[in-house]
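Have a look at work.cif below; it lists mmCIF, C-alpha atoms.
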data_work
#
loop_
_atom_site.label_atom_id
_atom_site.label_comp_id
_atom_site.auth_asym_id
_atom_site.auth_seq_id
_atom_site.Cartn_x
_atom_site.Cartn_y
_atom_site.Cartn_z
CA MET A 396 13.46 -35.72 -4.64
CA THR A 397 11.09 -37.25 -2.14
CA ASN A 398 7.80 -38.95 -2.75
CA ALA A 399 6.12 -37.00 0.04
CA PRO A 400 2.84 -35.45 -1.09
CA LYS A 401 2.99 -31.73 -1.67
CA ALA A 402 0.33 -29.35 -0.46
CA LYS A 403 -1.79 -28.22 -3.38
CA ILE A 404 -2.30 -24.54 -4.05
CA TYR A 405 -5.98 -25.07 -4.80
CA THR A 406 -8.34 -26.03 -1.99
CA ARG A 407 -11.72 -25.77 -3.74
CA THR A 408 -13.12 -24.15 -0.60
CA GLY A 409 -13.89 -20.95 -2.53
CA ASP A 410 -15.79 -22.62 -5.33
CA LYS A 411 -19.12 -21.56 -3.84
CA GLY A 412 -18.21 -17.92 -3.17
CA THR A 413 -16.79 -18.16 0.34
CA THR A 414 -13.30 -17.90 1.78
CA ARG A 415 -11.59 -18.35 5.12
CA LEU A 416 -10.09 -15.46 7.04
CA VAL A 417 -6.79 -15.73 8.90
CA ASP A 418 -8.71 -16.51 12.09
CA GLY A 419 -10.56 -19.40 10.43
CA SER A 420 -13.89 -17.59 10.01
CA CYS A 421 -15.76 -18.39 6.81
CA VAL A 422 -17.17 -15.38 4.97
CA GLU A 423 -18.49 -14.52 1.51
CA LYS A 424 -15.88 -13.30 -0.95
CA PHE A 425 -17.75 -10.01 -1.25
CA ASN A 426 -17.49 -9.37 2.51
CA PRO A 427 -16.08 -5.85 3.22
CA ARG A 428 -13.20 -7.44 5.13
CA VAL A 429 -12.20 -9.52 2.08
CA GLU A 430 -12.51 -6.44 -0.11
CA ALA A 431 -10.28 -4.50 2.31
CA TYR A 432 -7.44 -6.99 2.48
CA GLY A 433 -7.82 -7.72 -1.23
CA THR A 434 -7.21 -4.09 -2.14
CA VAL A 435 -4.19 -4.01 0.17
CA ASP A 436 -2.89 -7.08 -1.67
CA GLU A 437 -3.40 -5.28 -5.02
CA LEU A 438 -1.44 -2.31 -3.71
CA ASN A 439 1.34 -4.55 -2.41
CA SER A 440 1.55 -6.35 -5.75
CA TYR A 441 1.75 -3.06 -7.62
CA LEU A 442 4.55 -1.88 -5.35
CA GLY A 443 6.38 -4.97 -6.61
CA VAL A 444 5.94 -3.56 -10.12
CA VAL A 445 7.31 -0.20 -8.94
CA ARG A 446 10.33 -1.87 -7.35
CA SER A 447 10.97 -3.83 -10.56
CA ALA A 448 10.83 -0.60 -12.54
CA LEU A 449 13.50 0.91 -10.29
CA THR A 450 16.13 -1.60 -11.40
CA GLY A 451 16.89 0.30 -14.58
CA PHE A 452 17.54 3.61 -12.81
CA ALA A 453 20.51 3.72 -10.42
CA ASP A 454 19.65 7.24 -9.21
CA LEU A 455 16.26 5.98 -7.97
CA ARG A 456 17.43 2.83 -6.19
CA GLU A 457 17.26 4.51 -2.78
CA LEU A 458 13.48 4.08 -2.96
CA ASP A 459 13.83 0.29 -3.03
CA SER A 460 14.62 -0.28 0.65
CA PRO A 461 11.73 1.84 2.01
CA LEU A 462 9.37 0.22 -0.50
CA GLU A 463 10.44 -3.25 0.61
CA LYS A 464 9.78 -2.28 4.24
CA ILE A 465 6.38 -0.91 3.21
CA GLN A 466 5.53 -4.12 1.33
CA ASN A 467 6.20 -6.18 4.45
CA GLU A 468 4.06 -3.85 6.53
CA LEU A 469 1.25 -4.01 3.96
CA PHE A 470 1.32 -7.79 4.28
CA ASN A 471 0.85 -7.30 8.02
CA ILE A 472 -2.06 -4.92 7.38
CA GLY A 473 -3.68 -7.48 5.11
CA SER A 474 -3.35 -10.12 7.83
CA LEU A 475 -4.90 -7.80 10.40
CA LEU A 476 -7.81 -6.93 8.11
CA ALA A 477 -8.34 -10.66 7.48
CA THR A 478 -8.77 -11.29 11.21
CA GLU A 479 -11.78 -10.57 13.35
CA LYS A 480 -11.21 -12.76 16.40
CA GLU A 481 -9.39 -10.90 19.18
CA GLU A 482 -7.22 -13.86 20.26
CA VAL A 483 -5.79 -14.24 16.74
CA PHE A 484 -5.58 -10.48 16.14
CA LYS A 485 -3.31 -10.10 19.21
CA MET A 486 -0.85 -12.66 17.80
CA LEU A 487 -0.32 -10.79 14.53
CA PRO A 488 2.32 -8.09 13.95
CA PRO A 489 0.71 -4.73 14.75
CA ILE A 490 0.96 -1.47 12.87
CA THR A 491 2.80 0.91 15.16
CA GLU A 492 3.24 4.63 15.54
CA GLU A 493 6.93 4.07 14.74
CA GLN A 494 6.03 2.60 11.34
CA ILE A 495 3.74 5.53 10.58
CA ARG A 496 6.45 7.96 11.70
CA PHE A 497 8.96 6.24 9.38
CA ILE A 498 6.73 7.10 6.42
CA GLU A 499 6.37 10.68 7.63
CA VAL A 500 10.16 11.03 7.86
CA GLN A 501 10.52 9.68 4.32
CA ILE A 502 7.93 12.20 3.10
CA ASP A 503 9.70 15.07 4.87
CA GLU A 504 13.12 14.10 3.49
CA MET A 505 11.89 13.89 -0.11
CA SER A 506 9.74 17.03 0.22
CA ALA A 507 12.75 19.04 1.40
CA GLN A 508 14.36 18.43 -2.01
CA LEU A 509 11.32 19.41 -4.08
CA PRO A 510 10.17 22.76 -5.36
CA GLU A 511 7.00 24.06 -3.78
CA LEU A 512 3.85 22.68 -5.38
CA ARG A 513 1.63 25.54 -6.55
CA ASN A 514 -0.64 23.68 -8.98
CA PHE A 515 -2.50 20.43 -9.16
CA ILE A 516 -0.56 17.88 -11.14
CA LEU A 517 -1.57 15.02 -13.38
CA PRO A 518 -0.14 11.53 -12.91
CA GLY A 519 2.81 11.16 -15.25
CA GLY A 520 6.30 12.26 -16.06
CA HIS A 521 9.00 9.63 -15.66
CA PRO A 522 7.71 6.02 -16.03
CA VAL A 523 8.57 5.21 -12.40
CA ALA A 524 6.69 8.34 -11.29
CA ALA A 525 3.67 7.22 -13.30
CA HIS A 526 3.84 3.80 -11.60
CA LEU A 527 3.99 5.49 -8.20
CA HIS A 528 0.88 7.51 -9.06
CA VAL A 529 -0.96 4.31 -9.96
CA ALA A 530 0.18 2.80 -6.64
CA ARG A 531 -1.14 5.93 -4.90
CA THR A 532 -4.60 5.36 -6.38
CA PHE A 533 -4.49 1.72 -5.25
CA CYS A 534 -3.52 2.96 -1.81
CA ARG A 535 -6.46 5.38 -1.69
CA ARG A 536 -8.81 2.56 -2.63
CA SER A 537 -7.27 0.38 0.09
CA GLU A 538 -7.81 3.22 2.52
CA ARG A 539 -11.47 3.57 1.53
CA ARG A 540 -12.12 -0.16 1.84
CA SER A 541 -10.23 -0.38 5.16
CA ALA A 542 -12.23 2.54 6.53
CA GLU A 543 -15.33 0.34 6.26
CA ILE A 544 -13.72 -1.96 8.83
CA ALA A 545 -12.04 0.69 10.99
CA VAL A 546 -15.18 2.79 11.57
CA LYS A 547 -16.75 -0.23 13.27
CA ASP A 548 -13.64 -1.48 15.10
CA ASP A 549 -10.92 0.88 16.28
CA ARG A 550 -8.33 -1.93 16.38
CA TYR A 551 -7.89 -1.14 12.68
CA LEU A 552 -7.31 2.60 13.06
CA PRO A 553 -3.49 2.29 12.98
CA ALA A 554 -3.77 0.44 9.65
CA LEU A 555 -6.03 3.18 8.33
CA GLN A 556 -3.58 5.88 9.48
CA TYR A 557 -0.73 3.97 7.85
CA LEU A 558 -2.56 3.78 4.52
CA ASN A 559 -3.44 7.47 4.70
CA ARG A 560 0.21 8.38 5.23
CA LEU A 561 1.34 5.92 2.57
CA SER A 562 -0.77 7.56 -0.12
CA ASP A 563 0.94 10.87 0.70
CA TYR A 564 4.31 9.12 0.55
CA LEU A 565 3.55 7.70 -2.89
CA PHE A 566 2.48 11.12 -4.19
CA VAL A 567 5.66 12.75 -2.91
CA ALA A 568 7.79 9.85 -4.17
CA ALA A 569 6.33 10.32 -7.66
CA ARG A 570 7.23 14.01 -7.57
CA TRP A 571 10.69 13.15 -6.19
CA VAL A 572 11.29 10.71 -9.06
CA ASN A 573 10.36 13.38 -11.60
CA PHE A 574 12.67 15.84 -9.86
CA LYS A 575 15.59 13.39 -9.65
CA THR A 576 15.24 12.41 -13.31
CA GLN A 577 14.72 16.00 -14.47
CA HIS A 578 11.19 15.37 -15.67
CA GLN A 579 8.62 18.07 -15.09
CA ASP A 580 5.54 17.29 -13.09
CA VAL A 581 2.60 17.37 -15.48
CA LEU A 582 0.53 20.40 -14.53
CA TRP A 583 -3.24 20.28 -14.66
CA LYS A 584 -4.54 22.70 -17.28
CA LYS A 585 -8.03 24.03 -16.78
CA THR A 586 -9.72 23.75 -20.14
#
Encoding of this model in structure tokens:
Amino acid sequence: MTNAPKAKIYTRTGDKGTTRLVDGSCVEKFNPRVEAYGTVDELNSYLGVVRSALTGFADLRELDSPLEKIQNELFNIGSLLATEKEEVFKMLPPITEEQIRFIEVQIDEMSAQLPELRNFILPGGHPVAAHLHVARTFCRRSERRSAEIAVKDDRYLPALQYLNRLSDYLFVAARWVNFKTQHQDVLWKKT
């Protein structure tokens, strides 16, 4: 063990309601940009919960690798949303058409195994499916918050497209989990 001082996790810079973006800009914690990357962080954290839930189900483990890839890409999205200055933005990993296409391919492959959906469904079924539905709602919120940034700056449109596709992926993945585990999707009953 060395006696070198360690960096502290707390900085006290946010004690008065402000925070620093990736590019060094200081903004209020209620800034739409902070809200956008914060909701992406919530989604990413919840996908960690989903991946943890997969460990008990060997027949669902094939979701783990795509979800890990998605988590890394969500971290990139959060970094992009936390950056306004062009010179810093250009240095960050972009969201690409290839990444969006990867999600579309995953959706198509899972959908090909599923029965046709003829009714609205309620979130539920297998516990992992229920977790995926919660993640989907976090994703939709991330999409709504990111849209506030993207409508003013088209550099963020790929991130918005990614989140839009990801919410579809999470919906299909939830259905796929129910199918693979022989749980019925929970049909919405008009009362």
Shortest contact to A:Leu517, candidates A:Leu582, A:Val572, A:Ile544, A:Ala453, atoms counted only C-alpha atoms, goes to A:Leu582
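Atom CA of A:Arg535 lies 23.3 Å from atom CA of A:Phe574.
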Here's the selection I'm unsure about, the PyMOL selection byres ((chain A and resi 466-475) around 7); applied to the file above, which residues does it give, as JSON, numbers by chain? {"A": [417, 432, 435, 436, 439, 462, 463, 464, 465, 476, 477, 478, 484, 487, 488, 554]}
I'd like the contact shell of A:Arg539 - 12 Å cut-off, all atoms listed in the file, skipping same-chain residues fewer than 6 positions apart - returned as a VMD selection string.
chain A and resid 427 to 428 430 to 432 434 to 435 532 to 533 545 to 546 554 to 556 558 to 559 562
Edge lengths and centre in Å to one decimal, as JSON, is what I'm after for the box along x, y and z that holds all listed atoms of stretch 467-476 of chain A once 4 Å is added on each side.
{"center_x": -0.8, "center_y": -7.0, "center_z": 7.2, "size_x": 22.0, "size_y": 14.3, "size_z": 14.4}
Of A:Ile495, A:Val581, A:Cys421, A:Leu455, the one sitting nearest A:Pro553 when using all atoms listed in the file is A:Ile495
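From atom CA of A:Asn573 back to atom CA of A:Ala524, the distance works out to 6.2 Å.
Counting from atom CA of A:Ala568, the distance to atom CA of A:Glu437 is 18.8 Å.
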Name the residues in contact with A:Phe566 at a cut-off of 8 Å, using only C-alpha atoms, excluding same-chain residues fewer than 4 positions from it; report them as a list in words.
Leu527, His528, Arg531, Ser562 and Arg570 of chain A
Using only C-alpha atoms, the residue out of A:Gly443, A:Glu481, A:Lys575, A:Gln501 with shortest distance to A:Asp548 is A:Glu481
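Using all atoms listed in the file, the shortest contact distance between A:Asp563 and any of A:Ser506, A:Ser420, A:Gln577, A:Ser440 is found at A:Ser506.
Using all atoms listed in the file, the smallest distance between any of A:Ile516, A:Val529, A:Gly412, A:Ser541 and A:Asp580 comes from A:Ile516.
Using all atoms listed in the file, the smallest distance between any of A:Lys485, A:Lys411, A:Ile404, A:Leu512 and A:Phe425 comes from A:Lys411.
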Generate the coordinates of N, CA and C atoms for stretch 562-582 of chain A; report them as a compact mmCIF listing (two decimals), in the frame of the given file.
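That gives us rebuild_13.txt:
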# COMPACT_ATOMS: atom_id res chain seq x y z
N SER A 562 -0.34 6.92 1.13
CA SER A 562 -0.77 7.56 -0.12
C SER A 562 -0.05 8.90 -0.31
N ASP A 563 0.15 9.62 0.78
CA ASP A 563 0.94 10.87 0.70
C ASP A 563 2.38 10.57 0.30
N TYR A 564 2.94 9.52 0.89
CA TYR A 564 4.31 9.12 0.55
C TYR A 564 4.42 8.82 -0.94
N LEU A 565 3.48 8.08 -1.48
CA LEU A 565 3.55 7.70 -2.89
C LEU A 565 3.42 8.91 -3.81
N PHE A 566 2.59 9.88 -3.42
CA PHE A 566 2.48 11.12 -4.19
C PHE A 566 3.81 11.87 -4.19
N VAL A 567 4.39 12.03 -3.01
CA VAL A 567 5.66 12.75 -2.91
C VAL A 567 6.77 11.98 -3.62
N ALA A 568 6.78 10.66 -3.49
CA ALA A 568 7.79 9.85 -4.17
C ALA A 568 7.71 10.02 -5.68
N ALA A 569 6.50 10.10 -6.22
CA ALA A 569 6.33 10.32 -7.66
C ALA A 569 6.93 11.66 -8.06
N ARG A 570 6.65 12.69 -7.29
CA ARG A 570 7.23 14.01 -7.57
C ARG A 570 8.75 13.96 -7.45
N TRP A 571 9.24 13.26 -6.42
CA TRP A 571 10.69 13.15 -6.19
C TRP A 571 11.37 12.47 -7.37
N VAL A 572 10.74 11.41 -7.90
CA VAL A 572 11.29 10.71 -9.06
C VAL A 572 11.37 11.66 -10.25
N ASN A 573 10.31 12.41 -10.49
CA ASN A 573 10.36 13.38 -11.60
C ASN A 573 11.47 14.39 -11.39
N PHE A 574 11.62 14.86 -10.17
CA PHE A 574 12.67 15.84 -9.86
C PHE A 574 14.06 15.24 -10.08
N LYS A 575 14.27 14.03 -9.54
CA LYS A 575 15.59 13.39 -9.65
C LYS A 575 15.96 13.06 -11.09
N THR A 576 14.97 12.78 -11.92
CA THR A 576 15.24 12.41 -13.31
C THR A 576 15.07 13.58 -14.27
N GLN A 577 14.88 14.77 -13.71
CA GLN A 577 14.72 16.00 -14.47
C GLN A 577 13.54 15.96 -15.44
N HIS A 578 12.47 15.34 -14.96
CA HIS A 578 11.19 15.37 -15.67
C HIS A 578 10.31 16.39 -14.94
N GLN A 579 9.55 17.11 -15.69
CA GLN A 579 8.62 18.07 -15.09
C GLN A 579 7.39 17.32 -14.60
N ASP A 580 6.86 17.75 -13.45
CA ASP A 580 5.54 17.29 -13.09
C ASP A 580 4.58 17.78 -14.17
N VAL A 581 3.57 17.00 -14.46
CA VAL A 581 2.60 17.37 -15.48
C VAL A 581 1.51 18.20 -14.84
N LEU A 582 1.49 19.49 -15.16
CA LEU A 582 0.53 20.40 -14.53
C LEU A 582 -0.86 20.23 -15.13
